[in-house]
Amino acid sequence: MAERESMGNRFDGRVAVVTGAASGIGAAVATRLVAEGASVVGIDISADALEVMEKDLGEAFVGAVADVTVEDAVAAAVAVAVERFGALDLAFNVAGAARGGPILDLEESDWDFTVDLVQKGVFLCTKHEARHMTTNGRGGAIVNVASLNARVPMVGGSPYVTGKAGVEMFGKNAALELAPHGIRVNTVLPGLVDTPLVSAVTGYEPLLQAFVDRIPMGRPATPEQIAAPCLYLASDDADYITGTSLMVDGGWEISNYPNFTKLHG
């Protein structure tokens with residue numbers, strides 16, 4: 001097992017599920033949870049990447065291969081937390097990706113792929129996570145990862161912005177319904193984050209600069225800078241916070257979205 005940096009023990013004895021755990025924000029969330037004492041089930045479609053994480057993080061991390069848009073797969077993967085660690089206390093729904101294009105030319109299949117993954121996936125995971133949390137009788141906390149694009153439109157990104165807007169409002173509705181069960185639900189809305197999924201942006205300097213010009217703090221976030229507020233919302237320090245949305249964007253929302261159509265062609 002790789003040596004872990006000591007970050008305290010906020011999550012000693014807690015069991016967590018993290019979707020999209022094999023890379024980017026999900027991997028950062030899972031890694032920090034383990035470092036702070038949690039046992040973690042990481043859900044992702046990449047078996048190879050999950051196997052690497054199991055080796056790196058040791059017995060406190062178990063990978064579960066699943067497509068979060070398929071309910072039976074979600075139910076089975078979430079159940080691993082109880083089967084392996086005896087309970088489920090925390091959940092972080094991070095999995096996401098996008099296919100896009102101009103509305104006039106957008107393929108129905110690209111719309112369905114994106115909205116199913118970023119919106120239906122959060123619904124299915126929350127449903128099955130909350131079922132286990134209600135069964136254990138001690139409540140829990142769920143953090144869903146949406147996007148700045150839940151509130152800020154993007155040329156060529158209508159499926160993604162629609163799906164992420166749905167994630168934000170779903171989180172509020174879930175918080176309302178699940179509060180009587182002692183389950184808190186909150187949403188984090190990241191801006192630009194330097195992950196493999198946005199390498200087309202971060203790897204092309206003119207496009208990256210168009211984004212950075214709109215970010216008052218002048219840089220993309222690291223995955224770890226998104227993981228930190230996710231863990232805060234799941235911690236006891238946030239035990240009177242539910243149904244809220246936390247923008248983590250370096251001030252981007254108070255600026256404006258870049259018009260990068262001039263970079264096409």
# chains A, B, ... in the order shown; residues from 1 in each chain; ligands from 1

call {"tool": "residues_around", "arguments": {"residues": "Gly8 in chain A", "least_positions_apart": "3", "cutoff": "12 Å", "atoms": "only C-alpha atoms", "output": "list in words"}}
result
Arg4, Glu5, Phe11, Asp12, Arg32, Leu33, Val34, Ala35, Glu36, Gly37 and Ala38 of chain A

call {"tool": "select_by_dssp", "arguments": {"residues": "range 96-213 of chain A", "states": "helix (DSSP H, G or I)", "output": "number ranges by chain"}}
result
A: 108-136, 148-150, 158-181, 196-202, 205-212

call {"tool": "write_last_selection", "arguments": {"atoms": "C-alpha atoms", "output": "PDB file, in the first residue's frame"}}
result
ATOM      1  CA  GLU A 108     -30.236  12.425 -30.475  1.00  0.00           C
ATOM      2  CA  SER A 109     -27.785   9.755 -29.363  1.00  0.00           C
ATOM      3  CA  ASP A 110     -25.339  12.414 -28.135  1.00  0.00           C
ATOM      4  CA  TRP A 111     -28.089  14.139 -26.161  1.00  0.00           C
ATOM      5  CA  ASP A 112     -29.168  10.843 -24.598  1.00  0.00           C
ATOM      6  CA  PHE A 113     -25.613   9.770 -23.751  1.00  0.00           C
ATOM      7  CA  THR A 114     -24.849  13.040 -21.964  1.00  0.00           C
ATOM      8  CA  VAL A 115     -28.104  13.604 -20.111  1.00  0.00           C
ATOM      9  CA  ASP A 116     -28.336   9.965 -19.075  1.00  0.00           C
ATOM     10  CA  LEU A 117     -24.821   9.988 -17.673  1.00  0.00           C
ATOM     11  CA  VAL A 118     -24.770  13.315 -15.862  1.00  0.00           C
ATOM     12  CA  GLN A 119     -28.402  13.475 -14.728  1.00  0.00           C
ATOM     13  CA  LYS A 120     -29.989  10.020 -14.670  1.00  0.00           C
ATOM     14  CA  GLY A 121     -26.776   8.606 -13.238  1.00  0.00           C
ATOM     15  CA  VAL A 122     -26.995  10.953 -10.260  1.00  0.00           C
ATOM     16  CA  PHE A 123     -30.646  10.016  -9.726  1.00  0.00           C
ATOM     17  CA  LEU A 124     -29.968   6.273  -9.793  1.00  0.00           C
ATOM     18  CA  CYS A 125     -26.954   6.520  -7.519  1.00  0.00           C
ATOM     19  CA  THR A 126     -28.707   8.782  -5.027  1.00  0.00           C
ATOM     20  CA  LYS A 127     -31.703   6.443  -4.961  1.00  0.00           C
ATOM     21  CA  HIS A 128     -29.676   3.373  -4.048  1.00  0.00           C
ATOM     22  CA  GLU A 129     -27.229   5.177  -1.775  1.00  0.00           C
ATOM     23  CA  ALA A 130     -30.091   6.698   0.202  1.00  0.00           C
ATOM     24  CA  ARG A 131     -31.829   3.337   0.508  1.00  0.00           C
ATOM     25  CA  HIS A 132     -28.813   1.916   2.321  1.00  0.00           C
ATOM     26  CA  MET A 133     -28.440   5.040   4.455  1.00  0.00           C
ATOM     27  CA  THR A 134     -32.037   4.815   5.607  1.00  0.00           C
ATOM     28  CA  THR A 135     -31.603   1.123   6.404  1.00  0.00           C
ATOM     29  CA  ASN A 136     -28.576   1.651   8.626  1.00  0.00           C
ATOM     30  CA  LEU A 148     -20.742  25.923 -13.384  1.00  0.00           C
ATOM     31  CA  ASN A 149     -22.638  25.046 -16.556  1.00  0.00           C
ATOM     32  CA  ALA A 150     -25.705  24.285 -14.457  1.00  0.00           C
ATOM     33  CA  SER A 158     -26.822  22.074 -24.576  1.00  0.00           C
ATOM     34  CA  PRO A 159     -26.973  18.421 -23.386  1.00  0.00           C
ATOM     35  CA  TYR A 160     -24.322  19.011 -20.739  1.00  0.00           C
ATOM     36  CA  VAL A 161     -25.705  22.261 -19.382  1.00  0.00           C
ATOM     37  CA  THR A 162     -29.210  20.798 -19.305  1.00  0.00           C
ATOM     38  CA  GLY A 163     -28.046  17.681 -17.499  1.00  0.00           C
ATOM     39  CA  LYS A 164     -26.000  19.604 -14.950  1.00  0.00           C
ATOM     40  CA  ALA A 165     -28.846  22.054 -14.289  1.00  0.00           C
ATOM     41  CA  GLY A 166     -30.968  19.014 -13.576  1.00  0.00           C
ATOM     42  CA  VAL A 167     -28.365  17.718 -11.125  1.00  0.00           C
ATOM     43  CA  GLU A 168     -28.486  20.958  -9.154  1.00  0.00           C
ATOM     44  CA  MET A 169     -32.268  21.004  -8.843  1.00  0.00           C
ATOM     45  CA  PHE A 170     -32.436  17.267  -8.199  1.00  0.00           C
ATOM     46  CA  GLY A 171     -30.074  17.774  -5.276  1.00  0.00           C
ATOM     47  CA  LYS A 172     -32.411  20.322  -3.734  1.00  0.00           C
ATOM     48  CA  ASN A 173     -35.392  18.018  -4.165  1.00  0.00           C
ATOM     49  CA  ALA A 174     -33.488  15.064  -2.746  1.00  0.00           C
ATOM     50  CA  ALA A 175     -32.455  17.168   0.250  1.00  0.00           C
ATOM     51  CA  LEU A 176     -36.102  17.991   0.886  1.00  0.00           C
ATOM     52  CA  GLU A 177     -37.260  14.390   0.661  1.00  0.00           C
ATOM     53  CA  LEU A 178     -34.389  12.775   2.531  1.00  0.00           C
ATOM     54  CA  ALA A 179     -34.031  15.192   5.457  1.00  0.00           C
ATOM     55  CA  PRO A 180     -36.568  13.243   7.579  1.00  0.00           C
ATOM     56  CA  HIS A 181     -34.251  10.236   7.231  1.00  0.00           C
ATOM     57  CA  PRO A 196      -8.288  14.220 -18.401  1.00  0.00           C
ATOM     58  CA  LEU A 197     -11.857  14.938 -19.538  1.00  0.00           C
ATOM     59  CA  VAL A 198     -10.993  18.562 -20.344  1.00  0.00           C
ATOM     60  CA  SER A 199      -7.600  17.906 -21.909  1.00  0.00           C
ATOM     61  CA  ALA A 200      -8.924  19.303 -25.196  1.00  0.00           C
ATOM     62  CA  VAL A 201      -9.166  22.651 -23.397  1.00  0.00           C
ATOM     63  CA  THR A 202      -6.093  22.544 -21.194  1.00  0.00           C
ATOM     64  CA  GLU A 205      -3.307  27.150 -25.412  1.00  0.00           C
ATOM     65  CA  PRO A 206      -5.615  29.584 -27.317  1.00  0.00           C
ATOM     66  CA  LEU A 207      -8.709  27.834 -25.965  1.00  0.00           C
ATOM     67  CA  LEU A 208      -7.288  27.532 -22.461  1.00  0.00           C
ATOM     68  CA  GLN A 209      -6.458  31.249 -22.477  1.00  0.00           C
ATOM     69  CA  ALA A 210     -10.007  32.095 -23.565  1.00  0.00           C
ATOM     70  CA  PHE A 211     -11.256  30.310 -20.469  1.00  0.00           C
ATOM     71  CA  VAL A 212      -8.607  31.631 -18.092  1.00  0.00           C
TER      72      VAL A 212
END

call {"tool": "select_by_dssp", "arguments": {"residues": "range 157-208 of chain A", "states": "strand (DSSP E)", "output": "list of chain:residue names"}}
result
A:Ile183, A:Arg184, A:Val185, A:Asn186, A:Thr187, A:Val188, A:Leu189, A:Pro190

call {"tool": "write_last_selection", "arguments": {"atoms": "N, CA, C and O atoms", "output": "PDB file, in the first residue's frame"}}
result
ATOM      1  N   ILE A 183     -30.592  12.330   6.178  1.00  0.00           N
ATOM      2  CA  ILE A 183     -29.648  12.345   5.057  1.00  0.00           C
ATOM      3  C   ILE A 183     -29.565  13.755   4.479  1.00  0.00           C
ATOM      4  O   ILE A 183     -30.586  14.334   4.091  1.00  0.00           O
ATOM      5  N   ARG A 184     -28.372  14.294   4.441  1.00  0.00           N
ATOM      6  CA  ARG A 184     -28.141  15.602   3.844  1.00  0.00           C
ATOM      7  C   ARG A 184     -27.701  15.425   2.391  1.00  0.00           C
ATOM      8  O   ARG A 184     -26.936  14.503   2.070  1.00  0.00           O
ATOM      9  N   VAL A 185     -28.153  16.317   1.500  1.00  0.00           N
ATOM     10  CA  VAL A 185     -27.771  16.271   0.091  1.00  0.00           C
ATOM     11  C   VAL A 185     -27.361  17.670  -0.345  1.00  0.00           C
ATOM     12  O   VAL A 185     -28.142  18.622  -0.220  1.00  0.00           O
ATOM     13  N   ASN A 186     -26.157  17.799  -0.838  1.00  0.00           N
ATOM     14  CA  ASN A 186     -25.648  19.078  -1.319  1.00  0.00           C
ATOM     15  C   ASN A 186     -24.971  18.899  -2.670  1.00  0.00           C
ATOM     16  O   ASN A 186     -24.651  17.780  -3.077  1.00  0.00           O
ATOM     17  N   THR A 187     -24.754  20.013  -3.347  1.00  0.00           N
ATOM     18  CA  THR A 187     -24.211  19.982  -4.697  1.00  0.00           C
ATOM     19  C   THR A 187     -23.023  20.920  -4.813  1.00  0.00           C
ATOM     20  O   THR A 187     -23.080  22.053  -4.337  1.00  0.00           O
ATOM     21  N   VAL A 188     -21.957  20.438  -5.446  1.00  0.00           N
ATOM     22  CA  VAL A 188     -20.795  21.263  -5.756  1.00  0.00           C
ATOM     23  C   VAL A 188     -20.782  21.547  -7.254  1.00  0.00           C
ATOM     24  O   VAL A 188     -21.003  20.649  -8.067  1.00  0.00           O
ATOM     25  N   LEU A 189     -20.549  22.813  -7.608  1.00  0.00           N
ATOM     26  CA  LEU A 189     -20.543  23.244  -9.000  1.00  0.00           C
ATOM     27  C   LEU A 189     -19.147  23.732  -9.373  1.00  0.00           C
ATOM     28  O   LEU A 189     -18.804  24.899  -9.157  1.00  0.00           O
ATOM     29  N   PRO A 190     -18.308  22.854  -9.914  1.00  0.00           N
ATOM     30  CA  PRO A 190     -16.960  23.284 -10.296  1.00  0.00           C
ATOM     31  C   PRO A 190     -16.967  24.117 -11.580  1.00  0.00           C
ATOM     32  O   PRO A 190     -17.829  23.944 -12.451  1.00  0.00           O
TER      33      PRO A 190
END

call {"tool": "closest_residue", "arguments": {"among": "A:Pro223, A:Ser255, A:Ala234, A:Ile45", "to": "Arg10 in chain A", "atoms": "only C-alpha atoms"}}
result
A:Ala234

call {"tool": "residues_around", "arguments": {"residues": "Gly86 in chain A", "least_positions_apart": "4", "cutoff": "10 Å", "atoms": "only C-alpha atoms", "output": "compact mmCIF listing (two decimals) with C-alpha atoms, in the first residue's frame"}}
result
# COMPACT_ATOMS: atom_id res chain seq x y z
CA ARG A 14 -17.21 6.04 7.90
CA VAL A 15 -17.94 4.18 4.69
CA ALA A 79 -24.30 -2.66 -2.23
CA VAL A 80 -20.57 -3.51 -2.21
CA ALA A 81 -20.12 -0.85 0.49
CA VAL A 82 -22.37 -2.76 2.87
CA ASN A 136 -28.58 1.65 8.63

call {"tool": "decode", "arguments": {"residues": "range 47-145 of chain A", "atoms": "C-alpha atoms", "output": "PDB file, in the first residue's frame"}}
result
ATOM      1  CA  ALA A  47     -11.618  -1.810 -14.306  1.00  0.00           C
ATOM      2  CA  ASP A  48      -7.919  -1.273 -14.996  1.00  0.00           C
ATOM      3  CA  ALA A  49      -7.832   2.169 -13.356  1.00  0.00           C
ATOM      4  CA  LEU A  50      -9.751   0.894 -10.328  1.00  0.00           C
ATOM      5  CA  GLU A  51      -7.259  -1.932  -9.951  1.00  0.00           C
ATOM      6  CA  VAL A  52      -4.414   0.584  -9.860  1.00  0.00           C
ATOM      7  CA  MET A  53      -6.229   2.573  -7.181  1.00  0.00           C
ATOM      8  CA  GLU A  54      -6.757  -0.576  -5.100  1.00  0.00           C
ATOM      9  CA  LYS A  55      -3.014  -1.158  -5.150  1.00  0.00           C
ATOM     10  CA  ASP A  56      -2.257   2.470  -4.302  1.00  0.00           C
ATOM     11  CA  LEU A  57      -4.828   2.939  -1.539  1.00  0.00           C
ATOM     12  CA  GLY A  58      -4.799  -0.498   0.038  1.00  0.00           C
ATOM     13  CA  GLU A  59      -7.523  -2.383   1.856  1.00  0.00           C
ATOM     14  CA  ALA A  60      -9.536   0.772   2.595  1.00  0.00           C
ATOM     15  CA  PHE A  61     -10.422   1.076  -1.108  1.00  0.00           C
ATOM     16  CA  VAL A  62     -12.445  -1.395  -3.160  1.00  0.00           C
ATOM     17  CA  GLY A  63     -13.274  -0.883  -6.814  1.00  0.00           C
ATOM     18  CA  ALA A  64     -16.660  -1.752  -8.301  1.00  0.00           C
ATOM     19  CA  VAL A  65     -17.064  -1.683 -12.071  1.00  0.00           C
ATOM     20  CA  ALA A  66     -20.435  -0.269 -13.113  1.00  0.00           C
ATOM     21  CA  ASP A  67     -22.167   1.960 -15.629  1.00  0.00           C
ATOM     22  CA  VAL A  68     -24.087   4.515 -13.547  1.00  0.00           C
ATOM     23  CA  THR A  69     -26.828   4.753 -16.185  1.00  0.00           C
ATOM     24  CA  VAL A  70     -27.853   1.115 -15.617  1.00  0.00           C
ATOM     25  CA  GLU A  71     -29.940   0.670 -12.472  1.00  0.00           C
ATOM     26  CA  ASP A  72     -29.121  -2.956 -11.744  1.00  0.00           C
ATOM     27  CA  ALA A  73     -25.416  -2.198 -12.063  1.00  0.00           C
ATOM     28  CA  VAL A  74     -25.728   0.795  -9.755  1.00  0.00           C
ATOM     29  CA  ALA A  75     -27.638  -1.176  -7.146  1.00  0.00           C
ATOM     30  CA  ALA A  76     -25.034  -3.953  -7.158  1.00  0.00           C
ATOM     31  CA  ALA A  77     -22.069  -1.554  -6.990  1.00  0.00           C
ATOM     32  CA  VAL A  78     -23.493   0.527  -4.144  1.00  0.00           C
ATOM     33  CA  ALA A  79     -24.299  -2.661  -2.230  1.00  0.00           C
ATOM     34  CA  VAL A  80     -20.572  -3.509  -2.212  1.00  0.00           C
ATOM     35  CA  ALA A  81     -20.123  -0.855   0.489  1.00  0.00           C
ATOM     36  CA  VAL A  82     -22.370  -2.755   2.868  1.00  0.00           C
ATOM     37  CA  GLU A  83     -21.067  -6.167   1.818  1.00  0.00           C
ATOM     38  CA  ARG A  84     -17.413  -5.237   2.323  1.00  0.00           C
ATOM     39  CA  PHE A  85     -17.522  -2.593   5.050  1.00  0.00           C
ATOM     40  CA  GLY A  86     -20.861  -3.136   6.795  1.00  0.00           C
ATOM     41  CA  ALA A  87     -22.580   0.191   6.158  1.00  0.00           C
ATOM     42  CA  LEU A  88     -22.865   3.254   3.955  1.00  0.00           C
ATOM     43  CA  ASP A  89     -22.522   6.749   5.425  1.00  0.00           C
ATOM     44  CA  LEU A  90     -21.313   9.020   2.623  1.00  0.00           C
ATOM     45  CA  ALA A  91     -21.706   9.222  -1.134  1.00  0.00           C
ATOM     46  CA  PHE A  92     -20.099  11.394  -3.783  1.00  0.00           C
ATOM     47  CA  ASN A  93     -21.661  11.269  -7.242  1.00  0.00           C
ATOM     48  CA  VAL A  94     -18.997  12.554  -9.596  1.00  0.00           C
ATOM     49  CA  ALA A  95     -19.225  10.444 -12.769  1.00  0.00           C
ATOM     50  CA  GLY A  96     -19.750  12.481 -15.903  1.00  0.00           C
ATOM     51  CA  ALA A  97     -18.774  13.105 -19.500  1.00  0.00           C
ATOM     52  CA  ALA A  98     -20.275  14.903 -22.475  1.00  0.00           C
ATOM     53  CA  ARG A  99     -20.973  14.764 -26.164  1.00  0.00           C
ATOM     54  CA  GLY A 100     -22.163  17.955 -27.774  1.00  0.00           C
ATOM     55  CA  GLY A 101     -22.611  20.045 -30.857  1.00  0.00           C
ATOM     56  CA  PRO A 102     -24.792  22.838 -32.229  1.00  0.00           C
ATOM     57  CA  ILE A 103     -28.470  22.271 -31.503  1.00  0.00           C
ATOM     58  CA  LEU A 104     -29.334  22.345 -35.216  1.00  0.00           C
ATOM     59  CA  ASP A 105     -26.983  19.421 -35.884  1.00  0.00           C
ATOM     60  CA  LEU A 106     -26.998  17.609 -32.546  1.00  0.00           C
ATOM     61  CA  GLU A 107     -27.543  13.864 -32.718  1.00  0.00           C
ATOM     62  CA  GLU A 108     -30.236  12.425 -30.475  1.00  0.00           C
ATOM     63  CA  SER A 109     -27.785   9.755 -29.363  1.00  0.00           C
ATOM     64  CA  ASP A 110     -25.339  12.414 -28.135  1.00  0.00           C
ATOM     65  CA  TRP A 111     -28.089  14.139 -26.161  1.00  0.00           C
ATOM     66  CA  ASP A 112     -29.168  10.843 -24.598  1.00  0.00           C
ATOM     67  CA  PHE A 113     -25.613   9.770 -23.751  1.00  0.00           C
ATOM     68  CA  THR A 114     -24.849  13.040 -21.964  1.00  0.00           C
ATOM     69  CA  VAL A 115     -28.104  13.604 -20.111  1.00  0.00           C
ATOM     70  CA  ASP A 116     -28.336   9.965 -19.075  1.00  0.00           C
ATOM     71  CA  LEU A 117     -24.821   9.988 -17.673  1.00  0.00           C
ATOM     72  CA  VAL A 118     -24.770  13.315 -15.862  1.00  0.00           C
ATOM     73  CA  GLN A 119     -28.402  13.475 -14.728  1.00  0.00           C
ATOM     74  CA  LYS A 120     -29.989  10.020 -14.670  1.00  0.00           C
ATOM     75  CA  GLY A 121     -26.776   8.606 -13.238  1.00  0.00           C
ATOM     76  CA  VAL A 122     -26.995  10.953 -10.260  1.00  0.00           C
ATOM     77  CA  PHE A 123     -30.646  10.016  -9.726  1.00  0.00           C
ATOM     78  CA  LEU A 124     -29.968   6.273  -9.793  1.00  0.00           C
ATOM     79  CA  CYS A 125     -26.954   6.520  -7.519  1.00  0.00           C
ATOM     80  CA  THR A 126     -28.707   8.782  -5.027  1.00  0.00           C
ATOM     81  CA  LYS A 127     -31.703   6.443  -4.961  1.00  0.00           C
ATOM     82  CA  HIS A 128     -29.676   3.373  -4.048  1.00  0.00           C
ATOM     83  CA  GLU A 129     -27.229   5.177  -1.775  1.00  0.00           C
ATOM     84  CA  ALA A 130     -30.091   6.698   0.202  1.00  0.00           C
ATOM     85  CA  ARG A 131     -31.829   3.337   0.508  1.00  0.00           C
ATOM     86  CA  HIS A 132     -28.813   1.916   2.321  1.00  0.00           C
ATOM     87  CA  MET A 133     -28.440   5.040   4.455  1.00  0.00           C
ATOM     88  CA  THR A 134     -32.037   4.815   5.607  1.00  0.00           C
ATOM     89  CA  THR A 135     -31.603   1.123   6.404  1.00  0.00           C
ATOM     90  CA  ASN A 136     -28.576   1.651   8.626  1.00  0.00           C
ATOM     91  CA  GLY A 137     -30.561   4.066  10.767  1.00  0.00           C
ATOM     92  CA  ARG A 138     -27.804   6.633  11.191  1.00  0.00           C
ATOM     93  CA  GLY A 139     -28.463   8.843   8.185  1.00  0.00           C
ATOM     94  CA  GLY A 140     -25.713  10.085   5.954  1.00  0.00           C
ATOM     95  CA  ALA A 141     -24.516  12.716   3.513  1.00  0.00           C
ATOM     96  CA  ILE A 142     -24.607  12.790  -0.281  1.00  0.00           C
ATOM     97  CA  VAL A 143     -22.624  15.242  -2.390  1.00  0.00           C
ATOM     98  CA  ASN A 144     -23.442  15.518  -6.089  1.00  0.00           C
ATOM     99  CA  VAL A 145     -21.025  17.177  -8.491  1.00  0.00           C
TER     100      VAL A 145
END
